[in-house]
file data12.cif (mmCIF, C-alpha atoms and all ligand atoms)
data_start
#
loop_
_atom_site.label_atom_id
_atom_site.label_comp_id
_atom_site.auth_asym_id
_atom_site.auth_seq_id
_atom_site.Cartn_x
_atom_site.Cartn_y
_atom_site.Cartn_z
CA MET A 8 0.00 0.00 0.00
CA GLY A 9 1.43 3.39 -0.92
CA ARG A 10 0.69 6.90 0.25
CA GLY A 11 -2.91 7.87 -0.31
CA ASP A 12 -3.94 4.34 -1.25
CA PRO A 13 -7.28 3.06 0.01
CA VAL A 14 -7.38 1.83 3.54
CA SER A 15 -6.90 -1.84 4.21
CA PHE A 16 -6.80 -3.43 7.62
CA ALA A 17 -5.35 -6.65 6.29
CA PRO A 18 -1.58 -6.93 6.06
CA ALA A 19 -0.78 -5.16 2.76
CA VAL A 20 1.53 -7.93 1.60
CA ARG A 21 1.80 -11.37 3.13
CA VAL A 22 5.43 -11.40 4.05
CA VAL A 23 6.64 -14.95 4.35
CA THR A 24 9.30 -15.01 7.01
CA PRO A 25 11.48 -17.92 8.05
CA LEU A 26 9.17 -18.39 11.02
CA GLU A 27 6.09 -18.55 8.82
CA ASP A 28 7.91 -21.08 6.69
CA ARG A 29 8.29 -23.22 9.78
CA LEU A 30 4.60 -23.00 10.67
CA GLN A 31 2.87 -26.01 9.24
CA GLY A 32 -0.68 -27.11 10.00
CA GLY A 33 -0.66 -25.49 13.39
CA HIS A 34 2.60 -27.11 14.39
CA LEU A 35 5.98 -25.56 14.73
CA GLU A 36 8.94 -27.30 13.17
CA ASP A 37 10.29 -28.37 16.53
CA GLY A 38 7.10 -30.30 17.25
CA ARG A 39 5.45 -27.85 19.65
CA HIS A 40 1.73 -27.51 19.00
CA ASN A 41 0.47 -24.12 17.88
CA ALA A 42 -1.95 -24.30 20.76
CA GLY A 43 -4.04 -21.24 20.00
CA MET A 44 -6.17 -22.82 17.30
CA GLY A 45 -9.89 -22.97 18.08
CA TRP A 46 -9.37 -21.10 21.34
CA THR A 47 -12.28 -18.92 22.54
CA ALA A 48 -13.13 -16.77 25.55
CA ASP A 49 -14.60 -19.92 27.18
CA ASP A 50 -11.02 -21.19 27.41
CA VAL A 51 -9.76 -18.33 29.58
CA PRO A 52 -8.45 -20.10 32.68
CA ASP A 53 -9.31 -19.14 36.24
CA GLN A 54 -7.82 -15.70 36.96
CA TYR A 55 -8.70 -15.44 40.66
CA GLY A 56 -5.81 -13.89 42.56
CA ARG A 57 -4.31 -12.31 39.43
CA THR A 58 -4.12 -8.57 38.84
CA ILE A 59 -4.15 -7.36 35.27
CA ALA A 60 -3.58 -3.76 34.17
CA ILE A 61 -4.86 -2.81 30.73
CA THR A 62 -4.62 0.49 28.90
CA GLY A 63 -7.52 1.79 26.82
CA ALA A 64 -9.86 -0.43 28.81
CA ASN A 65 -12.96 1.69 28.22
CA SER A 66 -13.57 0.85 24.56
CA GLY A 67 -13.37 -1.83 21.89
CA ILE A 68 -10.84 -4.59 22.44
CA GLY A 69 -9.71 -3.27 25.82
CA LEU A 70 -13.28 -3.26 27.10
CA GLU A 71 -14.05 -6.78 25.84
CA ALA A 72 -10.78 -8.12 27.24
CA THR A 73 -11.61 -6.48 30.58
CA ARG A 74 -15.04 -8.13 30.58
CA GLU A 75 -13.65 -11.65 30.05
CA LEU A 76 -10.77 -11.20 32.49
CA ALA A 77 -13.19 -9.97 35.15
CA ARG A 78 -15.65 -12.79 34.37
CA ASN A 79 -12.85 -15.22 35.16
CA GLY A 80 -12.00 -13.60 38.46
CA ALA A 81 -9.09 -11.25 37.70
CA THR A 82 -8.70 -7.93 39.43
CA VAL A 83 -8.58 -5.55 36.47
CA ILE A 84 -6.96 -2.14 36.67
CA MET A 85 -8.60 -0.20 33.86
CA ALA A 86 -6.06 2.44 32.83
CA CYS A 87 -8.01 5.05 30.85
CA ARG A 88 -7.32 8.58 29.75
CA SER A 89 -10.83 9.60 30.86
CA VAL A 90 -11.91 8.37 34.28
CA GLU A 91 -15.51 9.18 33.38
CA ARG A 92 -15.43 7.01 30.26
CA GLY A 93 -13.61 4.36 32.29
CA GLU A 94 -16.31 4.33 34.99
CA ASP A 95 -19.05 4.09 32.35
CA ALA A 96 -17.23 1.10 30.83
CA ALA A 97 -16.80 -0.48 34.27
CA ASP A 98 -20.57 -0.15 34.82
CA ASP A 99 -21.11 -1.82 31.46
CA VAL A 100 -18.93 -4.77 32.52
CA ARG A 101 -20.71 -5.01 35.90
CA GLU A 102 -24.03 -5.47 34.12
CA ASP A 103 -22.62 -8.73 32.75
CA VAL A 104 -20.38 -9.60 35.68
CA PRO A 105 -21.94 -8.17 38.86
CA ASP A 106 -19.01 -9.17 41.09
CA ALA A 107 -16.35 -7.86 38.69
CA ASP A 108 -13.30 -6.64 40.57
CA LEU A 109 -12.50 -3.47 38.61
CA ARG A 110 -10.61 -0.29 39.37
CA VAL A 111 -10.50 2.66 37.01
CA GLU A 112 -7.30 4.70 37.01
CA GLU A 113 -6.40 7.74 34.95
CA CYS A 114 -3.53 7.17 32.54
CA ASP A 115 -3.12 9.36 29.46
CA LEU A 116 -0.44 7.80 27.27
CA GLY A 117 -0.09 11.08 25.43
CA ASP A 118 1.25 12.72 28.57
CA LEU A 119 4.32 11.22 30.25
CA GLU A 120 3.51 13.04 33.49
CA SER A 121 0.14 11.25 33.57
CA VAL A 122 1.89 7.92 32.91
CA ARG A 123 4.34 8.58 35.76
CA THR A 124 1.55 9.67 38.11
CA PHE A 125 -0.37 6.47 37.33
CA ALA A 126 2.71 4.36 38.03
CA ASP A 127 3.32 6.31 41.26
CA ARG A 128 -0.27 5.72 42.37
CA LEU A 129 0.20 1.97 41.91
CA GLY A 130 3.28 2.17 44.14
CA ASP A 131 4.56 -1.34 44.75
CA GLU A 132 1.22 -3.05 44.07
CA PRO A 133 1.93 -6.38 42.36
CA ILE A 134 0.74 -6.83 38.78
CA ASP A 135 0.67 -10.18 37.01
CA VAL A 136 -0.11 -8.97 33.51
CA LEU A 137 0.28 -5.62 31.77
CA ILE A 138 -1.67 -5.26 28.53
CA ASN A 139 -0.45 -2.39 26.36
CA ASN A 140 -3.65 -2.01 24.35
CA ALA A 141 -4.61 1.66 23.92
CA GLY A 142 -4.14 3.17 20.51
CA VAL A 143 -5.11 5.71 17.90
CA MET A 144 -5.09 5.13 14.16
CA ALA A 145 -4.67 7.27 11.04
CA ILE A 146 -5.44 10.62 12.64
CA PRO A 147 -4.37 14.03 11.31
CA ARG A 148 -0.93 15.04 12.58
CA SER A 149 -0.93 16.31 16.15
CA GLU A 150 1.47 16.16 19.07
CA THR A 151 1.32 14.75 22.57
CA GLU A 152 1.94 16.89 25.66
CA ASP A 153 5.61 16.01 25.31
CA GLY A 154 5.84 17.04 21.66
CA PHE A 155 5.81 13.56 20.10
CA GLU A 156 3.79 12.81 16.97
CA THR A 157 0.59 11.43 18.54
CA GLN A 158 0.45 7.95 16.99
CA PHE A 159 4.11 7.23 17.76
CA GLY A 160 3.80 8.95 21.14
CA VAL A 161 0.64 7.20 22.36
CA ASN A 162 0.91 3.81 20.66
CA HIS A 163 4.61 3.23 21.28
CA LEU A 164 6.40 5.76 23.52
CA GLY A 165 3.63 5.95 26.13
CA HIS A 166 3.62 2.16 26.46
CA PHE A 167 7.43 1.99 26.45
CA ALA A 168 7.46 4.40 29.39
CA LEU A 169 4.59 2.68 31.20
CA THR A 170 6.13 -0.78 30.96
CA GLY A 171 9.50 0.46 32.23
CA LEU A 172 7.87 2.22 35.16
CA LEU A 173 5.84 -0.89 36.10
CA LEU A 174 8.69 -3.38 35.76
CA GLU A 175 9.06 -3.80 39.53
CA ASN A 176 5.30 -4.28 39.91
CA LEU A 177 5.59 -7.23 37.51
CA ARG A 178 7.93 -8.95 40.02
CA LEU A 179 10.31 -10.42 37.49
CA ASP A 180 12.28 -12.29 40.15
CA GLU A 181 9.40 -13.95 41.95
CA GLU A 182 6.30 -14.31 39.85
CA PRO A 183 6.41 -17.40 37.67
CA ASP A 184 3.86 -16.25 35.11
CA SER A 185 3.93 -12.49 34.67
CA ARG A 186 3.34 -11.25 31.14
CA ILE A 187 3.52 -8.09 29.09
CA VAL A 188 1.18 -8.18 26.10
CA THR A 189 1.53 -5.45 23.48
CA VAL A 190 -1.26 -4.94 20.96
CA SER A 191 0.01 -4.25 17.45
CA SER A 192 -1.74 -4.50 14.07
CA GLY A 193 -1.39 -6.31 10.76
CA VAL A 194 -0.66 -2.84 9.38
CA HIS A 195 2.76 -3.10 11.07
CA GLU A 196 3.81 -5.10 8.00
CA ARG A 197 3.96 -1.94 5.88
CA GLY A 198 5.78 -0.09 8.66
CA ARG A 199 9.33 1.27 8.72
CA ILE A 200 11.09 3.05 11.55
CA ASP A 201 12.26 6.36 10.11
CA PHE A 202 15.01 7.26 12.58
CA ASP A 203 15.72 10.47 10.62
CA ASP A 204 12.16 11.70 11.10
CA LEU A 205 10.62 9.66 13.92
CA GLN A 206 8.08 12.34 14.75
CA SER A 207 7.08 12.81 11.08
CA GLU A 208 8.00 16.49 11.18
CA ASP A 209 9.42 16.60 7.64
CA SER A 210 6.54 14.71 6.08
CA TYR A 211 3.43 13.15 7.54
CA ASP A 212 1.29 10.38 6.16
CA LYS A 213 -1.31 9.22 8.68
CA TRP A 214 -1.08 5.56 7.61
CA ASP A 215 2.72 5.51 7.49
CA ALA A 216 2.79 7.00 10.98
CA TYR A 217 0.33 4.39 12.24
CA ALA A 218 2.30 1.58 10.59
CA GLN A 219 5.54 2.90 12.13
CA SER A 220 3.96 2.97 15.60
CA LYS A 221 2.60 -0.57 15.21
CA LEU A 222 5.94 -1.91 13.94
CA ALA A 223 7.48 -0.21 16.98
CA ASN A 224 5.02 -2.19 19.16
CA VAL A 225 6.29 -5.52 17.78
CA LEU A 226 9.97 -4.52 17.86
CA PHE A 227 9.48 -3.44 21.47
CA ALA A 228 7.69 -6.66 22.49
CA TYR A 229 10.49 -8.83 21.02
CA GLU A 230 13.33 -6.70 22.41
CA LEU A 231 11.71 -6.81 25.84
CA GLU A 232 11.51 -10.60 25.57
CA ARG A 233 15.23 -10.77 24.67
CA ARG A 234 16.10 -8.64 27.70
CA LEU A 235 13.86 -10.67 30.01
CA LEU A 236 15.52 -13.86 28.78
CA THR A 237 18.96 -12.37 29.27
CA ALA A 238 18.00 -11.40 32.83
CA ASP A 239 16.58 -14.89 33.51
CA ALA A 240 13.37 -13.14 34.51
CA HIS A 241 10.19 -15.11 35.17
CA ALA A 242 8.17 -13.05 32.72
CA LYS A 243 7.17 -13.20 29.08
CA SER A 244 6.64 -10.48 26.53
CA MET A 245 4.53 -11.10 23.47
CA ALA A 246 2.83 -9.17 20.68
CA VAL A 247 -0.69 -9.66 19.37
CA HIS A 248 -2.98 -8.21 16.71
CA PRO A 249 -6.77 -8.32 16.62
CA GLY A 250 -7.30 -8.66 12.87
CA TYR A 251 -10.03 -6.28 11.82
CA ALA A 252 -12.51 -5.68 14.64
CA ASN A 253 -15.51 -3.38 14.84
CA THR A 254 -14.45 -0.76 17.42
CA GLN A 255 -14.17 3.02 17.72
CA LEU A 256 -10.64 2.97 16.29
CA GLN A 257 -11.69 3.48 12.69
CA PHE A 258 -13.77 6.59 13.45
CA ARG A 259 -11.18 8.74 15.23
CA GLY A 260 -9.35 9.80 12.06
CA PRO A 261 -12.47 10.80 10.10
CA GLU A 262 -13.87 12.56 13.18
CA GLN A 263 -10.71 14.57 13.73
CA SER A 264 -10.41 15.52 10.07
CA GLY A 265 -14.15 16.29 9.87
CA SER A 266 -14.73 13.81 7.03
CA ARG A 267 -18.31 12.55 7.22
CA VAL A 268 -17.84 10.56 4.01
CA ARG A 269 -14.86 8.65 5.38
CA LYS A 270 -16.67 8.04 8.65
CA ALA A 271 -19.68 6.62 6.78
CA ALA A 272 -17.37 4.43 4.67
CA MET A 273 -15.67 3.14 7.83
CA LYS A 274 -19.05 2.40 9.38
CA LEU A 275 -20.02 0.36 6.33
CA MET A 276 -16.70 -1.51 6.34
CA ASN A 277 -17.02 -2.19 10.06
CA THR A 278 -20.52 -3.58 9.59
CA VAL A 279 -19.77 -5.70 6.52
CA VAL A 280 -16.15 -6.81 6.87
CA ALA A 281 -15.06 -6.56 10.50
CA GLN A 282 -15.42 -9.20 13.16
CA SER A 283 -16.77 -8.27 16.58
CA ALA A 284 -14.71 -6.56 19.25
CA GLU A 285 -15.21 -9.72 21.34
CA MET A 286 -13.46 -11.78 18.65
CA GLY A 287 -10.80 -9.10 18.25
CA ALA A 288 -10.00 -9.42 21.94
CA LEU A 289 -9.20 -13.16 21.69
CA PRO A 290 -5.49 -12.88 20.73
CA THR A 291 -4.99 -10.50 23.66
CA LEU A 292 -6.82 -12.84 26.04
CA TYR A 293 -4.87 -15.81 24.73
CA ALA A 294 -1.50 -14.13 25.22
CA ALA A 295 -2.50 -12.81 28.65
CA THR A 296 -3.91 -16.02 30.07
CA ALA A 297 -3.33 -19.23 28.08
CA PRO A 298 -0.83 -21.52 29.78
CA ASP A 299 0.65 -22.38 26.35
CA ALA A 300 1.23 -18.77 25.23
CA GLU A 301 4.92 -18.21 24.61
CA GLY A 302 7.24 -15.30 25.14
CA GLY A 303 8.49 -13.71 21.92
CA ALA A 304 5.44 -14.89 19.99
CA TYR A 305 3.00 -12.96 17.82
CA TYR A 306 -0.66 -14.04 18.02
CA GLY A 307 -3.49 -13.03 15.72
CA PRO A 308 -6.71 -14.35 14.16
CA GLY A 309 -6.15 -17.43 12.02
CA GLY A 310 -9.13 -16.99 9.66
CA PHE A 311 -9.65 -15.11 6.38
CA GLN A 312 -6.64 -12.89 5.60
CA ASN A 313 -5.77 -12.98 9.30
CA MET A 314 -8.55 -10.41 9.76
CA ARG A 315 -10.94 -12.72 11.63
CA GLY A 316 -11.10 -15.98 13.52
CA THR A 317 -9.68 -17.56 16.61
CA PRO A 318 -6.08 -16.85 17.64
CA GLU A 319 -3.05 -18.69 16.39
CA ARG A 320 0.66 -18.07 16.47
CA GLN A 321 1.80 -16.16 13.39
CA ALA A 322 4.86 -14.62 11.81
CA SER A 323 5.25 -10.87 11.94
CA SER A 324 7.09 -8.92 9.24
CA ASP A 325 10.76 -9.55 8.51
CA ARG A 326 11.56 -6.02 9.71
CA SER A 327 10.02 -6.75 13.09
CA TYR A 328 12.67 -9.39 13.78
CA ASP A 329 15.57 -7.02 13.03
CA GLU A 330 17.54 -6.91 16.27
CA GLU A 331 19.64 -3.89 15.33
CA THR A 332 16.54 -1.79 14.65
CA ALA A 333 14.94 -3.04 17.86
CA ARG A 334 17.98 -2.11 19.93
CA ARG A 335 18.27 1.32 18.33
CA LEU A 336 14.55 1.98 18.85
CA TRP A 337 14.91 0.94 22.50
CA ARG A 338 17.79 3.40 23.06
CA VAL A 339 15.95 6.24 21.31
CA SER A 340 12.71 5.50 23.21
CA SER A 341 14.61 5.55 26.48
CA ASP A 342 16.22 8.89 25.58
CA LEU A 343 12.91 10.43 24.50
CA THR A 344 10.89 9.27 27.53
CA GLY A 345 13.64 9.42 30.14
CA VAL A 346 12.64 5.91 31.25
CA THR A 347 15.41 3.35 31.68
CA TYR A 348 14.82 -0.32 32.33
CA ASP A 349 16.66 -2.28 34.95
CA LEU A 350 17.34 -5.05 32.43
CA PRO A 351 20.60 -6.07 30.77
CA GLU A 352 21.45 -5.61 27.10
CA PRO A 353 20.23 -8.73 25.32
CA LYS A 354 22.61 -11.53 24.62
CA ALA A 355 20.05 -14.13 23.55
CA GLU A 356 17.96 -14.30 20.42
CA VAL A 357 14.18 -14.50 20.72
CA PRO A 358 13.45 -18.23 20.59
CA VAL A 359 10.83 -18.07 17.86
N1 LIG B 1 -10.03 -2.60 15.78
C1 LIG B 1 -9.17 -3.08 14.90
O1 LIG B 1 -9.56 -3.54 13.82
C2 LIG B 1 -7.72 -3.06 15.19
C3 LIG B 1 -6.87 -3.57 14.21
C4 LIG B 1 -5.51 -3.61 14.48
C5 LIG B 1 -5.02 -3.15 15.68
N2 LIG B 1 -5.87 -2.63 16.61
C6 LIG B 1 -5.29 -2.14 17.87
O2 LIG B 1 -6.11 -2.51 18.95
C7 LIG B 1 -5.90 -1.60 20.03
C8 LIG B 1 -7.24 -1.23 20.64
O3 LIG B 1 -7.97 -0.49 19.70
P1 LIG B 1 -9.56 -0.65 19.50
O4 LIG B 1 -9.76 -1.22 18.16
O5 LIG B 1 -10.17 -1.28 20.68
O6 LIG B 1 -9.98 0.90 19.39
P2 LIG B 1 -10.90 1.84 20.29
O7 LIG B 1 -12.25 1.27 20.46
O8 LIG B 1 -10.79 3.19 19.65
O9 LIG B 1 -10.13 1.85 21.67
C9 LIG B 1 -8.91 2.52 21.81
C10 LIG B 1 -8.65 2.80 23.26
O10 LIG B 1 -7.41 3.52 23.37
C11 LIG B 1 -7.63 4.65 24.21
N3 LIG B 1 -6.72 5.75 23.97
C12 LIG B 1 -6.57 6.51 22.87
N4 LIG B 1 -5.66 7.48 23.09
C13 LIG B 1 -5.23 7.33 24.36
C14 LIG B 1 -4.33 8.02 25.19
N5 LIG B 1 -3.70 9.14 24.78
N6 LIG B 1 -4.11 7.56 26.45
C15 LIG B 1 -4.77 6.49 26.91
N7 LIG B 1 -5.67 5.80 26.19
C16 LIG B 1 -5.89 6.23 24.93
C17 LIG B 1 -9.07 5.06 23.89
O11 LIG B 1 -9.55 5.94 24.89
P3 LIG B 1 -10.76 6.98 24.56
O12 LIG B 1 -12.02 6.17 24.49
O13 LIG B 1 -10.71 7.90 25.71
O14 LIG B 1 -10.43 7.62 23.25
C18 LIG B 1 -9.73 3.71 23.89
O15 LIG B 1 -9.99 3.28 25.20
C19 LIG B 1 -5.11 -0.44 19.45
O16 LIG B 1 -3.78 -0.54 19.85
C20 LIG B 1 -5.22 -0.63 17.95
O17 LIG B 1 -4.11 -0.12 17.24
C21 LIG B 1 -7.20 -2.58 16.40
#
call {"tool": "encode", "arguments": {"input": "data12.cif", "output": "structure tokens", "more": "lines below"}}
Ligand SMILES: NC(=O)c1ccc[n+]([C@@H]2O[C@H](COP(=O)([O-])OP(=O)(O)OC[C@H]3O[C@@H](n4cnc5c(N)ncnc54)[C@H](OP(=O)(O)O)[C@@H]3O)[C@@H](O)[C@H]2O)c1
result
Amino acid sequence: MGRGDPVSFAPAVRVVTPLEDRLQGGHLEDGRHNAGMGWTADDVPDQYGRTIAITGANSGIGLEATRELARNGATVIMACRSVERGEDAADDVREDVPDADLRVEECDLGDLESVRTFADRLGDEPIDVLINNAGVMAIPRSETEDGFETQFGVNHLGHFALTGLLLENLRLDEEPDSRIVTVSSGVHERGRIDFDDLQSEDSYDKWDAYAQSKLANVLFAYELERRLLTADAHAKSMAVHPGYANTQLQFRGPEQSGSRVRKAAMKLMNTVVAQSAEMGALPTLYAATAPDAEGGAYYGPGGFQNMRGTPERQASSDRSYDEETARRLWRVSSDLTGVTYDLPEPKAEVPV
């Protein structure tokens, strides 16, 4: 897909990577079963006693993931940029799950001070799973409070900062099953990290900027996994994508640019082509809870064009496995956010 081309939520080109080559009939070459196939929300294991923090929990995939996690007994910290919208969403979940253990906390990923304040409020409260879910897509160029291009700032840098600030809460030394799940998109496959113009100041294309931020999500998830492995930490980092799901995501761009035609077109696409937000939440739920989910993996819907269906392990783009890019992005993200991780430089490769 080039600049100005029509919107597609499917990966623009199916990039066949060495990993994809090794995926055959739901089995990996080394004999491990690709256990996600046919997995639904009914398969979410008991989550009693587990605390799960999720960003963007008030809408779409974040809301549906919250509902299923709460239904299965998790304490869910709903990190939302609007407490009011978060409380409305929590009420919505409670209608289905009256005893849901939910807490709404303010966390605006477009404002590093808000991210820090959220982390400070949590103090040393243990967290078992952090789900980096919030996102914006294909919006007109704007900047976060800290002067970052909004899609890169919210989708990637905000989550980079948040994860680093919550690393101690994830108890890497003690907790045998803590996880960091980062929600990317099939659109990451057209993404490139433009280190010469990371904030798209010289030229801005709303889809290129989204694709860059979503590639950054996958690079980050894999680099974090390498560092966790190197530190012998009892934690996994994985990336997921929801396929194409009917949420509010598609409307933000048209709303902000005042395009009623594009909004109507998105509404039609969402009605005709997209799967439900509940289905879109499955890869996230799988990565966050399934005993078989593996660190360094990428999970997404296994059906038509990887836009719909139940989750399976997939290959991400070749560029997403580039360790040099991942390491450089990590350093730059640390410089830009001022957040450093207490994790060693990686010495191991992601075992995927
Ligand atoms: N739906 C799809 O087809 C699709 C496809 C590929 C990837 N994804 C990814 O899935 C994730 C969830 O999106 P969705 O489809 O569920 O969209 P959604 O319904 O629009 O939900 C996005 C969530 O992110 C929150 N958010 C936006 N900016 C934020 C900020 N500055 N700080 C904190 N939270 C912020 C939104 O809060 P407000 O309600 O306050 O705006 C909302 O809760 C995103 O990362 C997206 O890139 C979705």
call {"tool": "residues_near_ligand", "arguments": {"input": "data12.cif", "ligand": "ligand LIG 1 (chain B)", "cutoff": "6 Å", "atoms": "all atoms listed in the file", "output": "ChimeraX atom specification"}}
result
/A:63-69,87-89,114-117,140-143,161,190-192,248-256
call {"tool": "closest_atom_pairs", "arguments": {"input": "data12.cif", "of": "range 190-261 of chain A", "to": "range 301-314 of chain A", "cutoff": "9 Å", "atoms": "only C-alpha atoms", "output": "tab-separated table"}}
result
residue	atom	partner	partner_atom	distance
A:Ser192	CA	A:Gly307	CA	8.9
A:Gly193	CA	A:Asn313	CA	8.1
A:Val225	CA	A:Tyr305	CA	8.1
A:Ala228	CA	A:Gly303	CA	7.1
A:Tyr229	CA	A:Gly303	CA	5.4
A:Glu230	CA	A:Gly303	CA	8.5
A:Leu231	CA	A:Gly303	CA	8.6
A:Glu232	CA	A:Gly303	CA	5.7
A:Arg233	CA	A:Gly303	CA	7.9
A:Ala242	CA	A:Gly302	CA	8.0
A:Lys243	CA	A:Gly302	CA	4.5
A:Ser244	CA	A:Gly302	CA	5.1
A:Met245	CA	A:Gly303	CA	5.0
A:Ala246	CA	A:Tyr305	CA	4.8
A:Val247	CA	A:Tyr306	CA	4.6
A:His248	CA	A:Gly307	CA	4.9
A:Pro249	CA	A:Gly307	CA	5.8
A:Gly250	CA	A:Met314	CA	3.8
A:Tyr251	CA	A:Met314	CA	4.8
A:Ala252	CA	A:Met314	CA	7.9
call {"tool": "closest_residue", "arguments": {"input": "data12.cif", "among": "A:Ser149, A:Asp212, A:Pro183, A:Leu169", "to": "Arg123 in chain A", "atoms": "only C-alpha atoms"}}
result
A:Leu169
call {"tool": "residues_near_point", "arguments": {"input": "data12.cif", "point": "(12.7, -12.6, 38.0)", "cutoff": "6 Å", "atoms": "all atoms listed in the file", "output": "list in words"}}
result
Leu179, Asp180, Glu181, Ala240 and His241 of chain A
call {"tool": "closest_residue", "arguments": {"input": "data12.cif", "among": "A:Trp337, A:Tyr55, A:Phe258, A:Phe202", "to": "Met273 in chain A", "atoms": "all atoms listed in the file"}}
result
A:Phe258
call {"tool": "closest_residue", "arguments": {"input": "data12.cif", "among": "A:Arg148, A:His166, A:Tyr328, A:Gly56", "to": "Gly260 in chain A", "atoms": "only C-alpha atoms"}}
result
A:Arg148
call {"tool": "residues_around", "arguments": {"input": "data12.cif", "residues": "Ala126 in chain A", "least_positions_apart": "6", "cutoff": "12 Å", "atoms": "all atoms listed in the file", "output": "list in words"}}
result
Ala60, Ile84, Ala86, Glu112, Glu113, Cys114, Asp115, Leu116, Leu119, Glu120, Glu132, Pro133, Ile134, His166, Ala168, Leu169, Thr170, Gly171, Leu172, Leu173, Leu174, Glu175, Asn176 and Leu177 of chain A
call {"tool": "write_last_selection", "arguments": {"input": "data12.cif", "atoms": "C-alpha atoms", "output": "PDB file, in the coordinates of the input"}}
result
ATOM      1  CA  ALA A  60      -3.580  -3.760  34.170  1.00  0.00           C
ATOM      2  CA  ILE A  84      -6.960  -2.140  36.670  1.00  0.00           C
ATOM      3  CA  ALA A  86      -6.060   2.440  32.830  1.00  0.00           C
ATOM      4  CA  GLU A 112      -7.300   4.700  37.010  1.00  0.00           C
ATOM      5  CA  GLU A 113      -6.400   7.740  34.950  1.00  0.00           C
ATOM      6  CA  CYS A 114      -3.530   7.170  32.540  1.00  0.00           C
ATOM      7  CA  ASP A 115      -3.120   9.360  29.460  1.00  0.00           C
ATOM      8  CA  LEU A 116      -0.440   7.800  27.270  1.00  0.00           C
ATOM      9  CA  LEU A 119       4.320  11.220  30.250  1.00  0.00           C
ATOM     10  CA  GLU A 120       3.510  13.040  33.490  1.00  0.00           C
ATOM     11  CA  GLU A 132       1.220  -3.050  44.070  1.00  0.00           C
ATOM     12  CA  PRO A 133       1.930  -6.380  42.360  1.00  0.00           C
ATOM     13  CA  ILE A 134       0.740  -6.830  38.780  1.00  0.00           C
ATOM     14  CA  HIS A 166       3.620   2.160  26.460  1.00  0.00           C
ATOM     15  CA  ALA A 168       7.460   4.400  29.390  1.00  0.00           C
ATOM     16  CA  LEU A 169       4.590   2.680  31.200  1.00  0.00           C
ATOM     17  CA  THR A 170       6.130  -0.780  30.960  1.00  0.00           C
ATOM     18  CA  GLY A 171       9.500   0.460  32.230  1.00  0.00           C
ATOM     19  CA  LEU A 172       7.870   2.220  35.160  1.00  0.00           C
ATOM     20  CA  LEU A 173       5.840  -0.890  36.100  1.00  0.00           C
ATOM     21  CA  LEU A 174       8.690  -3.380  35.760  1.00  0.00           C
ATOM     22  CA  GLU A 175       9.060  -3.800  39.530  1.00  0.00           C
ATOM     23  CA  ASN A 176       5.300  -4.280  39.910  1.00  0.00           C
ATOM     24  CA  LEU A 177       5.590  -7.230  37.510  1.00  0.00           C
TER      25      LEU A 177
END
call {"tool": "closest_residue", "arguments": {"input": "data12.cif", "among": "A:Phe167, A:Trp214, A:Tyr293, A:Tyr348", "to": "His195 in chain A", "atoms": "all atoms listed in the file"}}
result
A:Trp214
call {"tool": "atom_distance", "arguments": {"input": "data12.cif", "atom1": "CA of Glu150 in chain A", "atom2": "CA of Gly93 in chain A"}}
result
23.3 Å
call {"tool": "closest_residue", "arguments": {"input": "data12.cif", "among": "A:Leu350, A:Ala322, A:Ile146, A:Val136", "to": "Ala294 in chain A", "atoms": "all atoms listed in the file"}}
result
A:Val136
call {"tool": "closest_residue", "arguments": {"input": "data12.cif", "among": "A:Gln263, A:Glu208, A:Leu292, A:Glu352", "to": "Glu75 in chain A", "atoms": "all atoms listed in the file"}}
result
A:Leu292
call {"tool": "atom_distance", "arguments": {"input": "data12.cif", "atom1": "CA of Val111 in chain A", "atom2": "CA of Val90 in chain A"}}
result
6.5 Å
call {"tool": "axis_aligned_box", "arguments": {"input": "data12.cif", "around": "range 329-337 of chain A", "padding_each_side": "3 Å", "output": "AutoDock Vina command-line options"}}
result
--center_x 17.1 --center_y -2.5 --center_z 17.8 --size_x 11.1 --size_y 15.0 --size_z 15.5
call {"tool": "residues_near_point", "arguments": {"input": "data12.cif", "point": "(-13.5, -6.3, 30.1)", "cutoff": "10 Å", "atoms": "all atoms listed in the file", "output": "list of chain:residue names"}}
result
A:Ile61, A:Ala64, A:Asn65, A:Ser66, A:Gly67, A:Ile68, A:Gly69, A:Leu70, A:Glu71, A:Ala72, A:Thr73, A:Arg74, A:Glu75, A:Leu76, A:Ala77, A:Arg78, A:Val83, A:Met85, A:Ala96, A:Ala97, A:Asp99, A:Val100, A:Arg101, A:Asp103, A:Val104, A:Ala107, A:Leu109, A:Glu285, A:Ala288
call {"tool": "atom_distance", "arguments": {"input": "data12.cif", "atom1": "CA of Val268 in chain A", "atom2": "CA of Ala281 in chain A"}}
result
18.5 Å
call {"tool": "residues_around", "arguments": {"input": "data12.cif", "residues": "Gln158 in chain A", "least_positions_apart": "2", "cutoff": "7 Å", "atoms": "only C-alpha atoms", "output": "PDB file with C-alpha atoms, in the frame of the given file"}}
result
ATOM      1  CA  VAL A 143      -5.110   5.710  17.900  1.00  0.00           C
ATOM      2  CA  MET A 144      -5.090   5.130  14.160  1.00  0.00           C
ATOM      3  CA  GLU A 156       3.790  12.810  16.970  1.00  0.00           C
ATOM      4  CA  GLY A 160       3.800   8.950  21.140  1.00  0.00           C
ATOM      5  CA  VAL A 161       0.640   7.200  22.360  1.00  0.00           C
ATOM      6  CA  ASN A 162       0.910   3.810  20.660  1.00  0.00           C
ATOM      7  CA  ALA A 216       2.790   7.000  10.980  1.00  0.00           C
ATOM      8  CA  TYR A 217       0.330   4.390  12.240  1.00  0.00           C
ATOM      9  CA  SER A 220       3.960   2.970  15.600  1.00  0.00           C
TER      10      SER A 220
END
